[in-house]
Amino acid sequence: MTRRWSVPVRAANAPRAKEGTCNERVGENTWDRDDCRNNGVTSDTLVWTSSHTSVRRVDYTDAASGKEFVFVTNLPGKIPPGVIAWLYQRRWDVEKTFDETRNRLGEGKAWGSTVTAKRIQGSFISIAYNLLIILEDRLRKAGELPKEPQEEKRREKRRMFQVAKAKAAGRKINYHLTCRDGSSQVGCKFIRWVKRHRLLGTSYAESVANLRLLYGEFS
């Protein structure tokens, strides 16, 4: 069964494509079939929707799983169709970040009901999250944390499995599948360590010493 999704890049809240919609083709976009970024793309067309508007439809087959997807977007034809498919795949990282701020940072509710209050809250969450990433990166460079996070190791293992699966099926691998993506999440253990020592008010040196013990492989 073909899966249909919307990729709302320029227009906010674009609806998810439903079965039986966006099927009437009114034109076809020109795209480079030799571009490795477009591996897996089967068509790039303009279609007529039920709301009587013309949108872009990209049909794509995932190289690893063989599943077929349909992406509906208003991005211009100069954007390679394979990049559109990749953009949707990257949305999963955004969802994981939202989950992390809600469950690990405890920001599950709005501070206020006004737009200004929500914007301020969002800014503070982004600042706190980026500070965690900066601190984690500096500690890794200082040798206080493993050089490669466990999450990145798992991601690399999954990526290599997908590449091998695509090759075994005889499908062309999309360029983005061969790229190694960095982890978008801060480790739960690291966040708990920051919270604990912030509340206890321990010194930086004492906190780092505890961090080395927490991760076990450091002495």
# chains A, B, ... in the order shown; residues from 1 in each chain; ligands from 1
>>> select_by_dssp(residues="range 86-150 of chain A", states="alpha helix (DSSP H)", output="JSON, numbers by chain")
{"A": [86, 87, 88, 89, 90, 91, 92, 93, 94, 95, 96, 97, 98, 99, 100, 101, 102, 103, 115, 116, 117, 118, 119, 120, 121, 122, 123, 124, 125, 126, 127, 128, 129, 130, 131, 132, 133, 134, 135, 136, 137, 138, 139, 140, 141, 150]}
>>> closest_atom_pairs(of="range 12-117 of chain A", to="range 185-192 of chain A", cutoff="8 Å", atoms="only C-alpha atoms", output="Markdown table")
| residue | atom | partner | partner_atom | distance |
| --- | --- | --- | --- | --- |
| A:Lys96 | CA | A:Gln185 | CA | 7.3 |
| A:Thr97 | CA | A:Gln185 | CA | 6.4 |
| A:Glu100 | CA | A:Gln185 | CA | 7.3 |
| A:Arg104 | CA | A:Cys188 | CA | 6.8 |
| A:Leu105 | CA | A:Ile191 | CA | 7.8 |
>>> closest_atom_pairs(of="range 81-198 of chain A", to="range 42-47 of chain A", cutoff="12 Å", atoms="only C-alpha atoms", output="tab-separated table")
residue	atom	partner	partner_atom	distance
A:Pro81	CA	A:Asp44	CA	6.6
A:Gly82	CA	A:Asp44	CA	9.6
A:Val83	CA	A:Asp44	CA	11.9
A:Ile84	CA	A:Asp44	CA	10.5
A:Ala85	CA	A:Asp44	CA	11.2
A:Lys172	CA	A:Thr42	CA	11.9
>>> atom_distance(atom1="CA of Leu199 in chain A", atom2="CA of Arg138 in chain A")
21.4 Å
>>> atom_distance(atom1="CA of Tyr88 in chain A", atom2="CA of Lys153 in chain A")
22.5 Å
>>> atom_distance(atom1="CA of Val55 in chain A", atom2="CA of Val72 in chain A")
6.8 Å
>>> residues_around(residues="range 204-216 of chain A", least_positions_apart="6", cutoff="9 Å", atoms="only C-alpha atoms", output="PDB file with C-alpha atoms, in the first residue's frame")
ATOM      1  CA  LEU A 139      33.024  17.739  27.665  1.00  0.00           C
ATOM      2  CA  GLU A 144      35.169  13.646  29.980  1.00  0.00           C
ATOM      3  CA  LEU A 145      32.603  11.827  27.821  1.00  0.00           C
ATOM      4  CA  PRO A 146      32.838   9.071  25.182  1.00  0.00           C
ATOM      5  CA  LYS A 189      21.743  10.304  31.340  1.00  0.00           C
ATOM      6  CA  PHE A 190      23.489  13.589  30.557  1.00  0.00           C
ATOM      7  CA  TRP A 193      23.334  14.711  35.484  1.00  0.00           C
ATOM      8  CA  VAL A 194      22.902  18.409  34.642  1.00  0.00           C
ATOM      9  CA  HIS A 197      24.101  19.002  40.015  1.00  0.00           C
TER      10      HIS A 197
END
>>> residues_around(residues="range 173-176 of chain A", least_positions_apart="4", cutoff="8 Å", atoms="only C-alpha atoms", output="ChimeraX atom specification")
/A:36-40,63-64,82,86,163,166-167
>>> select_by_dssp(residues="range 26-195 of chain A", states="strand (DSSP E)", output="MDAnalysis selection string")
chainID A and resid 26:28 41:48 54:61 68:73
>>> write_last_selection(atoms="N, CA and C atoms", output="PDB file, in the first residue's frame")
ATOM      1  N   VAL A  26      -1.665  17.059 -14.215  1.00  0.00           N
ATOM      2  CA  VAL A  26      -1.848  18.172 -15.146  1.00  0.00           C
ATOM      3  C   VAL A  26      -0.516  18.602 -15.760  1.00  0.00           C
ATOM      4  N   GLY A  27       0.572  17.978 -15.346  1.00  0.00           N
ATOM      5  CA  GLY A  27       1.882  18.318 -15.889  1.00  0.00           C
ATOM      6  C   GLY A  27       2.962  17.469 -15.254  1.00  0.00           C
ATOM      7  N   GLU A  28       4.163  17.574 -15.784  1.00  0.00           N
ATOM      8  CA  GLU A  28       5.283  16.797 -15.266  1.00  0.00           C
ATOM      9  C   GLU A  28       6.514  17.680 -15.168  1.00  0.00           C
ATOM     10  N   VAL A  41      13.247   7.971  -6.646  1.00  0.00           N
ATOM     11  CA  VAL A  41      12.135   8.762  -7.182  1.00  0.00           C
ATOM     12  C   VAL A  41      11.611   8.093  -8.450  1.00  0.00           C
ATOM     13  N   THR A  42      10.308   7.901  -8.519  1.00  0.00           N
ATOM     14  CA  THR A  42       9.705   7.287  -9.703  1.00  0.00           C
ATOM     15  C   THR A  42       8.967   8.300 -10.568  1.00  0.00           C
ATOM     16  N   SER A  43       8.498   9.394  -9.960  1.00  0.00           N
ATOM     17  CA  SER A  43       7.859  10.435 -10.765  1.00  0.00           C
ATOM     18  C   SER A  43       7.809  11.742  -9.991  1.00  0.00           C
ATOM     19  N   ASP A  44       7.754  12.829 -10.743  1.00  0.00           N
ATOM     20  CA  ASP A  44       7.653  14.176 -10.173  1.00  0.00           C
ATOM     21  C   ASP A  44       6.675  14.942 -11.050  1.00  0.00           C
ATOM     22  N   THR A  45       5.444  15.082 -10.583  1.00  0.00           N
ATOM     23  CA  THR A  45       4.380  15.633 -11.416  1.00  0.00           C
ATOM     24  C   THR A  45       3.631  16.768 -10.730  1.00  0.00           C
ATOM     25  N   LEU A  46       2.865  17.488 -11.527  1.00  0.00           N
ATOM     26  CA  LEU A  46       1.908  18.463 -11.017  1.00  0.00           C
ATOM     27  C   LEU A  46       0.533  17.802 -11.064  1.00  0.00           C
ATOM     28  N   VAL A  47      -0.204  17.891  -9.966  1.00  0.00           N
ATOM     29  CA  VAL A  47      -1.511  17.227  -9.902  1.00  0.00           C
ATOM     30  C   VAL A  47      -2.578  18.217  -9.464  1.00  0.00           C
ATOM     31  N   TRP A  48      -3.816  17.851  -9.776  1.00  0.00           N
ATOM     32  CA  TRP A  48      -4.976  18.674  -9.448  1.00  0.00           C
ATOM     33  C   TRP A  48      -5.616  18.101  -8.196  1.00  0.00           C
ATOM     34  N   SER A  54      -3.388  23.374  -8.026  1.00  0.00           N
ATOM     35  CA  SER A  54      -2.316  22.548  -8.576  1.00  0.00           C
ATOM     36  C   SER A  54      -1.160  22.482  -7.582  1.00  0.00           C
ATOM     37  N   VAL A  55      -0.718  21.271  -7.255  1.00  0.00           N
ATOM     38  CA  VAL A  55       0.403  21.080  -6.339  1.00  0.00           C
ATOM     39  C   VAL A  55       1.386  20.087  -6.945  1.00  0.00           C
ATOM     40  N   ARG A  56       2.522  20.003  -6.335  1.00  0.00           N
ATOM     41  CA  ARG A  56       3.565  19.097  -6.804  1.00  0.00           C
ATOM     42  C   ARG A  56       3.476  17.762  -6.058  1.00  0.00           C
ATOM     43  N   ARG A  57       3.558  16.675  -6.810  1.00  0.00           N
ATOM     44  CA  ARG A  57       3.495  15.340  -6.224  1.00  0.00           C
ATOM     45  C   ARG A  57       4.755  14.560  -6.608  1.00  0.00           C
ATOM     46  N   VAL A  58       5.437  14.019  -5.573  1.00  0.00           N
ATOM     47  CA  VAL A  58       6.650  13.226  -5.787  1.00  0.00           C
ATOM     48  C   VAL A  58       6.385  11.800  -5.322  1.00  0.00           C
ATOM     49  N   ASP A  59       6.510  10.844  -6.241  1.00  0.00           N
ATOM     50  CA  ASP A  59       6.377   9.429  -5.903  1.00  0.00           C
ATOM     51  C   ASP A  59       7.768   8.862  -5.639  1.00  0.00           C
ATOM     52  N   TYR A  60       7.908   8.173  -4.516  1.00  0.00           N
ATOM     53  CA  TYR A  60       9.236   7.742  -4.077  1.00  0.00           C
ATOM     54  C   TYR A  60       9.174   6.342  -3.474  1.00  0.00           C
ATOM     55  N   THR A  61      10.169   5.513  -3.797  1.00  0.00           N
ATOM     56  CA  THR A  61      10.276   4.173  -3.230  1.00  0.00           C
ATOM     57  C   THR A  61      11.522   4.108  -2.350  1.00  0.00           C
ATOM     58  N   GLU A  68       6.508   2.326  -0.812  1.00  0.00           N
ATOM     59  CA  GLU A  68       6.250   3.449  -1.703  1.00  0.00           C
ATOM     60  C   GLU A  68       5.608   4.595  -0.925  1.00  0.00           C
ATOM     61  N   PHE A  69       6.052   5.813  -1.228  1.00  0.00           N
ATOM     62  CA  PHE A  69       5.533   7.001  -0.560  1.00  0.00           C
ATOM     63  C   PHE A  69       5.136   8.036  -1.609  1.00  0.00           C
ATOM     64  N   VAL A  70       4.153   8.857  -1.246  1.00  0.00           N
ATOM     65  CA  VAL A  70       3.750   9.985  -2.086  1.00  0.00           C
ATOM     66  C   VAL A  70       3.877  11.248  -1.246  1.00  0.00           C
ATOM     67  N   PHE A  71       4.663  12.204  -1.732  1.00  0.00           N
ATOM     68  CA  PHE A  71       4.852  13.468  -1.039  1.00  0.00           C
ATOM     69  C   PHE A  71       4.186  14.582  -1.838  1.00  0.00           C
ATOM     70  N   VAL A  72       3.381  15.388  -1.164  1.00  0.00           N
ATOM     71  CA  VAL A  72       2.690  16.507  -1.796  1.00  0.00           C
ATOM     72  C   VAL A  72       3.228  17.795  -1.183  1.00  0.00           C
ATOM     73  N   THR A  73       3.699  18.696  -2.036  1.00  0.00           N
ATOM     74  CA  THR A  73       4.346  19.911  -1.542  1.00  0.00           C
ATOM     75  C   THR A  73       4.118  21.058  -2.510  1.00  0.00           C
TER      76      THR A  73
END
>>> residues_around(residues="range 117-123 of chain A", least_positions_apart="4", cutoff="12 Å", atoms="only C-alpha atoms", output="PyMOL selection string")
chain A and resi 98+101-102+107-113+127-130
